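The next block holds one structure in the form of structure tokens; read it before the comments.
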Amino acid sequence: MKRLPKAYSREKRKDQIKGQFKIWLDNGDEQPKTMYRIAKALGMSPNARIYSMLEELILDGYLTCEARDQSGRWTTRFYYPVVKSLITEKYGKRRIVVKHKGVVSGQLELAL
């Protein structure tokens with residue numbers, strides 16, 4: 001039986017988090033996840049390193065989070081992926097050339 005490594009690089013762990021969210025979305029589970037559930041799905045214990053990786057994924061634009069108050073508990077942060085369509089990824093901005101009598105007089109940029 002092949003032994004799985006326990007120590008992965010930070011980028012590899014981020015890829016594993018992205019892959020786990022993709023698996024959840026493919027299975028139809030679109031509920032926001034807590035850091036605890038994400039860590040347990042990857043076979044890890046929740047700690048500050050996972051929290052910082054999740055924050056980096058938020059800054060990269062892959063995840064978003066929302067804080068919810070739960071009765072009698074601390075505020076819990078729920079993470080969910082940002083679903084990007086092909087149109088917004090590929091065609092995020094559109095440039096329109098403005099001509100007057102055949103001469104370019106300006107350029108407009110539209111954000112889609």
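Residue numbers start at 1 in each chain; chains themselves are named A, B, ... in the order of the structure tokens; ligands are numbered from 1 in the order shown.
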
Got a sec: who's within 8 Å of Val98 in chain A, counting only C-alpha atoms, leaving out chain neighbours fewer than 6 positions off, as number ranges by chain? A: 104-108

Tell me, counting only C-alpha atoms, for each residue of range 53-89 of chain A within 10 Å of range 26-31 of chain A, which pair of atoms is nearest and how far apart they are in Å to one decimal, in rows ordered by chain and increasing number, as a tab-separated table.
```
residue	atom	partner	partner_atom	distance
A:Phe78	CA	A:Gln31	CA	9.0
A:Tyr79	CA	A:Gln31	CA	8.9
A:Tyr80	CA	A:Gln31	CA	7.4
A:Pro81	CA	A:Glu30	CA	9.0
```

Using only C-alpha atoms, please write the residues we just selected to a file, as a PDB file, in the first residue's frame.
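Output below, filename part_3.pdb:
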```
ATOM      1  CA  PHE A  78     -18.780  30.308   6.236  1.00  0.00           C
ATOM      2  CA  TYR A  79     -16.812  29.960   2.993  1.00  0.00           C
ATOM      3  CA  TYR A  80     -18.180  29.330  -0.470  1.00  0.00           C
ATOM      4  CA  PRO A  81     -16.608  29.480  -3.940  1.00  0.00           C
TER       5      PRO A  81
END
```

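Using only C-alpha atoms, the protein and nucleic acid residues lying no more than 9 Å from range 10-16 of chain A, apart from those fewer than 3 places from it along its own chain, are Gly19, Gln20, Phe21, Leu42, Ile50, Met53, Leu54, Glu56 and Leu57 of chain A.
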
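Selecting helix (DSSP H, G or I) from the backbone DSSP output for range 26-90 of chain A yields Asp26, Met35, Tyr36, Arg37, Ile38, Ala39, Lys40, Ala41, Ala48, Arg49, Ile50, Tyr51, Ser52, Met53, Leu54, Glu55, Glu56, Leu57, Ile58, Leu59, Leu86, Ile87, Thr88, Glu89 and Lys90 of chain A.
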
File dump, residues just selected, C-alpha atoms, as a PDB file, in the first residue's frame:
```pdb
ATOM      1  CA  ASP A  26     -20.241  18.519  -8.682  1.00  0.00           C
ATOM      2  CA  MET A  35     -13.125  25.957   8.162  1.00  0.00           C
ATOM      3  CA  TYR A  36     -13.619  22.879  10.346  1.00  0.00           C
ATOM      4  CA  ARG A  37     -15.523  21.023   7.626  1.00  0.00           C
ATOM      5  CA  ILE A  38     -12.987  21.977   4.955  1.00  0.00           C
ATOM      6  CA  ALA A  39     -10.091  20.776   7.109  1.00  0.00           C
ATOM      7  CA  LYS A  40     -11.766  17.488   8.002  1.00  0.00           C
ATOM      8  CA  ALA A  41     -12.581  16.798   4.342  1.00  0.00           C
ATOM      9  CA  ALA A  48      -4.369  29.040  11.871  1.00  0.00           C
ATOM     10  CA  ARG A  49      -2.518  27.920   8.734  1.00  0.00           C
ATOM     11  CA  ILE A  50      -5.711  26.728   7.092  1.00  0.00           C
ATOM     12  CA  TYR A  51      -7.374  29.981   8.111  1.00  0.00           C
ATOM     13  CA  SER A  52      -4.581  31.987   6.459  1.00  0.00           C
ATOM     14  CA  MET A  53      -4.790  29.848   3.292  1.00  0.00           C
ATOM     15  CA  LEU A  54      -8.535  30.468   3.130  1.00  0.00           C
ATOM     16  CA  GLU A  55      -7.920  34.200   3.537  1.00  0.00           C
ATOM     17  CA  GLU A  56      -5.400  34.090   0.668  1.00  0.00           C
ATOM     18  CA  LEU A  57      -7.970  32.306  -1.513  1.00  0.00           C
ATOM     19  CA  ILE A  58     -10.438  35.088  -0.678  1.00  0.00           C
ATOM     20  CA  LEU A  59      -7.893  37.711  -1.725  1.00  0.00           C
ATOM     21  CA  LEU A  86     -16.925  31.426 -19.047  1.00  0.00           C
ATOM     22  CA  ILE A  87     -18.244  34.761 -20.281  1.00  0.00           C
ATOM     23  CA  THR A  88     -17.003  36.750 -17.279  1.00  0.00           C
ATOM     24  CA  GLU A  89     -13.655  34.972 -17.226  1.00  0.00           C
ATOM     25  CA  LYS A  90     -12.897  35.354 -20.895  1.00  0.00           C
TER      26      LYS A  90
END
```

Please run DSSP on the backbone and report, as a ChimeraX atom specification, all residues within chain A that come out as strand (DSSP E or B). /A:33,63-69,75-81,93-100,103-111

Please save N, CA and C atoms of the selected residues as an mmCIF file, in the first residue's frame.
```cif
data_model
loop_
_atom_site.group_PDB
_atom_site.id
_atom_site.type_symbol
_atom_site.label_atom_id
_atom_site.label_comp_id
_atom_site.auth_asym_id
_atom_site.auth_seq_id
_atom_site.Cartn_x
_atom_site.Cartn_y
_atom_site.Cartn_z
ATOM 1 N N LYS A 33 -19.377 26.283 3.620
ATOM 2 C CA LYS A 33 -18.644 25.374 4.512
ATOM 3 C C LYS A 33 -17.852 26.151 5.555
ATOM 4 N N LEU A 63 -12.616 32.400 -3.343
ATOM 5 C CA LEU A 63 -13.617 32.165 -2.307
ATOM 6 C C LEU A 63 -14.186 33.478 -1.812
ATOM 7 N N THR A 64 -15.354 33.395 -1.219
ATOM 8 C CA THR A 64 -15.918 34.507 -0.458
ATOM 9 C C THR A 64 -16.357 33.945 0.884
ATOM 10 N N CYS A 65 -16.542 34.824 1.838
ATOM 11 C CA CYS A 65 -16.976 34.335 3.148
ATOM 12 C C CYS A 65 -18.008 35.284 3.719
ATOM 13 N N GLU A 66 -18.778 34.740 4.626
ATOM 14 C CA GLU A 66 -19.739 35.543 5.364
ATOM 15 C C GLU A 66 -19.709 35.086 6.816
ATOM 16 N N ALA A 67 -19.872 36.032 7.706
ATOM 17 C CA ALA A 67 -19.869 35.730 9.140
ATOM 18 C C ALA A 67 -21.312 35.676 9.617
ATOM 19 N N ARG A 68 -21.637 34.629 10.347
ATOM 20 C CA ARG A 68 -22.984 34.468 10.880
ATOM 21 C C ARG A 68 -22.898 34.286 12.390
ATOM 22 N N ASP A 69 -23.809 34.931 13.094
ATOM 23 C CA ASP A 69 -23.910 34.715 14.536
ATOM 24 C C ASP A 69 -24.760 33.478 14.780
ATOM 25 N N THR A 75 -19.038 33.958 16.611
ATOM 26 C CA THR A 75 -19.389 34.204 15.222
ATOM 27 C C THR A 75 -18.654 33.200 14.344
ATOM 28 N N THR A 76 -19.376 32.556 13.455
ATOM 29 C CA THR A 76 -18.805 31.527 12.587
ATOM 30 C C THR A 76 -18.673 32.081 11.184
ATOM 31 N N ARG A 77 -17.536 31.772 10.553
ATOM 32 C CA ARG A 77 -17.312 32.200 9.164
ATOM 33 C C ARG A 77 -17.612 31.033 8.241
ATOM 34 N N PHE A 78 -18.422 31.311 7.229
ATOM 35 C CA PHE A 78 -18.780 30.308 6.236
ATOM 36 C C PHE A 78 -18.151 30.696 4.904
ATOM 37 N N TYR A 79 -17.513 29.730 4.256
ATOM 38 C CA TYR A 79 -16.812 29.960 2.993
ATOM 39 C C TYR A 79 -17.568 29.275 1.863
ATOM 40 N N TYR A 80 -17.620 29.938 0.720
ATOM 41 C CA TYR A 80 -18.180 29.330 -0.470
ATOM 42 C C TYR A 80 -17.456 29.874 -1.691
ATOM 43 N N PRO A 81 -17.386 29.061 -2.761
ATOM 44 C CA PRO A 81 -16.608 29.480 -3.940
ATOM 45 C C PRO A 81 -17.341 30.523 -4.762
ATOM 46 N N LYS A 93 -14.021 42.485 -19.906
ATOM 47 C CA LYS A 93 -14.150 43.858 -20.371
ATOM 48 C C LYS A 93 -14.277 43.857 -21.883
ATOM 49 N N ARG A 94 -14.991 44.840 -22.372
ATOM 50 C CA ARG A 94 -15.153 44.959 -23.815
ATOM 51 C C ARG A 94 -14.829 46.383 -24.223
ATOM 52 N N ARG A 95 -14.017 46.509 -25.237
ATOM 53 C CA ARG A 95 -13.626 47.829 -25.725
ATOM 54 C C ARG A 95 -14.411 48.159 -26.981
ATOM 55 N N ILE A 96 -14.907 49.384 -27.030
ATOM 56 C CA ILE A 96 -15.658 49.857 -28.182
ATOM 57 C C ILE A 96 -14.952 51.090 -28.723
ATOM 58 N N VAL A 97 -14.626 51.055 -30.002
ATOM 59 C CA VAL A 97 -13.960 52.172 -30.655
ATOM 60 C C VAL A 97 -15.033 53.123 -31.175
ATOM 61 N N VAL A 98 -14.895 54.398 -30.837
ATOM 62 C CA VAL A 98 -15.848 55.414 -31.273
ATOM 63 C C VAL A 98 -15.223 56.170 -32.446
ATOM 64 N N LYS A 99 -15.948 56.188 -33.561
ATOM 65 C CA LYS A 99 -15.443 56.868 -34.756
ATOM 66 C C LYS A 99 -16.375 58.021 -35.122
ATOM 67 N N HIS A 100 -15.778 59.050 -35.657
ATOM 68 C CA HIS A 100 -16.542 60.181 -36.167
ATOM 69 C C HIS A 100 -16.031 60.470 -37.571
ATOM 70 N N VAL A 103 -12.883 58.527 -38.565
ATOM 71 C CA VAL A 103 -11.664 58.766 -37.800
ATOM 72 C C VAL A 103 -11.927 58.369 -36.349
ATOM 73 N N VAL A 104 -11.010 57.606 -35.763
ATOM 74 C CA VAL A 104 -11.155 57.185 -34.374
ATOM 75 C C VAL A 104 -11.058 58.419 -33.483
ATOM 76 N N SER A 105 -12.131 58.644 -32.713
ATOM 77 C CA SER A 105 -12.133 59.815 -31.844
ATOM 78 C C SER A 105 -12.094 59.453 -30.370
ATOM 79 N N GLY A 106 -12.292 58.185 -30.056
ATOM 80 C CA GLY A 106 -12.253 57.777 -28.663
ATOM 81 C C GLY A 106 -12.435 56.288 -28.521
ATOM 82 N N GLN A 107 -12.379 55.849 -27.268
ATOM 83 C CA GLN A 107 -12.510 54.433 -26.987
ATOM 84 C C GLN A 107 -13.254 54.287 -25.667
ATOM 85 N N LEU A 108 -14.262 53.428 -25.648
ATOM 86 C CA LEU A 108 -15.027 53.156 -24.445
ATOM 87 C C LEU A 108 -14.698 51.766 -23.958
ATOM 88 N N GLU A 109 -14.772 51.578 -22.654
ATOM 89 C CA GLU A 109 -14.519 50.272 -22.074
ATOM 90 C C GLU A 109 -15.705 49.895 -21.201
ATOM 91 N N LEU A 110 -16.319 48.757 -21.477
ATOM 92 C CA LEU A 110 -17.469 48.290 -20.720
ATOM 93 C C LEU A 110 -17.061 47.103 -19.871
ATOM 94 N N ALA A 111 -17.468 47.114 -18.618
ATOM 95 C CA ALA A 111 -17.226 45.962 -17.732
ATOM 96 C C ALA A 111 -18.479 45.108 -17.745
#
```

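Proximity of A:Asn47, A:Tyr8, A:Val82, A:Lys2 to Pro32 in chain A, computed with only C-alpha atoms, is greatest for A:Val82.
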
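The spacing separating CA of Met44 in chain A from CA of Asp60 in chain A amounts to 22.4 Å.
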